[in-house]
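Structure file final_20.txt; described as compact mmCIF, C-alpha atoms.
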# COMPACT_ATOMS: atom_id res chain seq x y z
CA MET X 1 -44.53 134.49 12.04
CA ASN X 2 -46.27 132.62 14.82
CA ALA X 3 -47.88 130.24 12.32
CA ARG X 4 -44.50 129.48 10.79
CA ARG X 5 -43.02 128.59 14.17
CA PHE X 6 -46.04 126.42 14.93
CA TRP X 7 -45.71 124.43 11.69
CA PHE X 8 -41.92 124.22 11.98
CA SER X 9 -42.23 122.95 15.58
CA GLY X 10 -44.96 120.53 14.53
CA ILE X 11 -42.85 119.09 11.71
CA ILE X 12 -39.80 118.76 14.01
CA ILE X 13 -41.92 117.01 16.66
CA CYS X 14 -43.36 114.62 14.03
CA LEU X 15 -39.89 113.81 12.70
CA LEU X 16 -38.61 113.15 16.21
CA PHE X 17 -41.61 110.92 16.92
CA ILE X 18 -41.01 108.97 13.69
CA ALA X 19 -37.33 108.60 14.61
CA LEU X 20 -38.30 107.37 18.08
CA VAL X 21 -40.70 104.77 16.64
CA TYR X 22 -38.06 103.65 14.14
CA GLN X 23 -35.42 103.27 16.84
CA THR X 24 -37.83 101.39 19.10
CA THR X 25 -38.77 98.88 16.41
CA ARG X 26 -35.13 98.47 15.44
CA TYR X 27 -34.20 97.87 19.08
CA ALA X 28 -36.97 95.28 19.46
CA ALA X 29 -35.82 93.46 16.31
CA LEU X 30 -32.21 93.43 17.48
CA ARG X 31 -33.26 92.20 20.91
CA ALA X 32 -35.20 89.33 19.34
CA GLU X 33 -32.21 88.47 17.15
CA VAL X 34 -29.89 88.46 20.18
CA ARG X 35 -32.24 86.11 22.03
CA GLU X 36 -32.37 83.81 19.02
CA LEU X 37 -28.58 83.79 18.76
CA GLU X 38 -28.26 83.06 22.48
CA ARG X 39 -30.63 80.10 22.08
CA ALA X 40 -28.60 78.87 19.12
CA GLU X 41 -25.41 79.23 21.17
CA LEU X 42 -26.90 77.16 24.01
CA ASP X 43 -28.01 74.50 21.52
CA LEU X 44 -24.52 74.36 19.99
CA LEU X 45 -22.91 74.10 23.42
CA LYS X 46 -25.27 71.23 24.28
CA VAL X 47 -24.44 69.45 21.01
CA GLY X 48 -20.73 69.99 21.68
CA ARG X 49 -21.01 68.43 25.13
CA GLU X 50 -22.90 65.47 23.66
CA LEU X 51 -20.24 65.02 20.98
CA ASP X 52 -17.48 65.15 23.59
CA ALA X 53 -19.30 62.47 25.58
CA ASP X 54 -19.68 60.34 22.43
CA ILE X 55 -15.98 60.71 21.62
CA THR X 56 -15.04 59.71 25.14
CA LYS X 57 -17.36 56.70 24.98
CA LEU X 58 -16.07 55.60 21.56
CA ALA X 59 -12.41 56.05 22.53
CA ASN X 60 -12.77 53.60 25.43
CA LEU X 61 -10.31 50.78 24.61
CA GLU X 62 -12.25 48.14 26.53
CA ARG X 63 -15.38 48.97 24.55
CA ILE X 64 -13.42 48.78 21.27
CA GLU X 65 -11.98 45.41 22.28
CA ARG X 66 -15.42 44.03 23.20
CA ALA X 67 -16.85 45.23 19.87
CA ALA X 68 -13.96 43.63 17.98
CA ILE X 69 -14.46 40.32 19.79
CA ARG X 70 -18.20 40.46 19.03
CA LYS X 71 -17.34 40.91 15.33
CA GLY X 72 -15.20 37.76 15.41
CA MET X 73 -11.76 39.32 15.67
CA ILE X 74 -9.16 37.73 17.88
CA VAL X 75 -6.22 39.21 19.74
CA ALA X 76 -2.95 38.63 17.89
CA THR X 77 -0.34 36.51 19.62
CA PRO X 78 3.15 37.98 20.06
CA GLU X 79 4.40 35.80 17.18
CA GLN X 80 1.80 37.29 14.83
CA ARG X 81 2.70 40.89 15.59
CA ILE X 82 5.00 42.90 13.35
CA ILE X 83 6.79 45.87 14.87
CA VAL X 84 7.89 48.52 12.40
CA THR X 85 10.80 50.67 13.45
CA GLU X 86 12.31 53.71 11.83
CA ARG X 87 15.22 51.73 10.39
CA GLN X 88 12.88 49.32 8.67
CA GLU X 89 10.92 52.24 7.21
CA GLN X 90 14.15 53.80 5.89
CA LYS X 91 15.24 50.49 4.35
CA ALA X 92 11.83 50.07 2.75
CA SER X 93 11.98 53.56 1.24
CA GLU X 94 15.55 52.95 0.01
CA VAL X 95 14.46 49.72 -1.64
CA SER X 96 11.52 51.40 -3.30
CA ASN X 97 13.69 54.33 -4.45
CA ASN X 98 16.31 51.93 -5.90
CA GLY X 99 13.57 50.08 -7.75
CA ARG X 100 12.37 53.31 -9.38
CA GLN X 101 15.82 54.27 -10.72

Using structure tokens, write down the structure from this file.
Amino acid sequence: MNARRFWFSGIIICLLFIALVYQTTRYAALRAEVRELERAELDLLKVGRELDADITKLANLERIERAAIRKGMIVATPEQRIIVTERQEQKASEVSNNGRQ
């Protein structure tokens, strides 16, 4: 009877040891994955801040105007400008609808 208890206790202890090793390796793997994901998050936040800065820089109207002038564009005079209002859009759609009928 004593031998049975010894072997039973030995097997239980071995199984608990194996479970402990398994849990430890699993914990280490999860910890490494969390660190990797945190690094990826920091990289994405950095890229997001850079993109926000680029958007702000590109949306600067003075910069757009300077680039347009460098490309040979000129500012339209008031006589060259066409202002489209809602009434004109409605008339244009009515004309195009009448032409389709």

Between CA of Ala76 (chain X) and CA of Ile64 (chain X), what is the spacing in Å?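 Distance reported for this atom pair: 15.0 Å.
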
Straight-line distance linking CA of Leu30 (chain X) with CA of Ile12 (chain X), stated in Å to one decimal: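 Taking CA of Leu30 (chain X) and CA of Ile12 (chain X), their separation equals 26.7 Å.
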
For a test of reading the model, state the distance in Å between CA of Leu20 (chain X) and CA of Arg4 (chain X), rounded to one decimal.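 According to the coordinates, CA of Leu20 (chain X) and CA of Arg4 (chain X) are separated by 24.1 Å.
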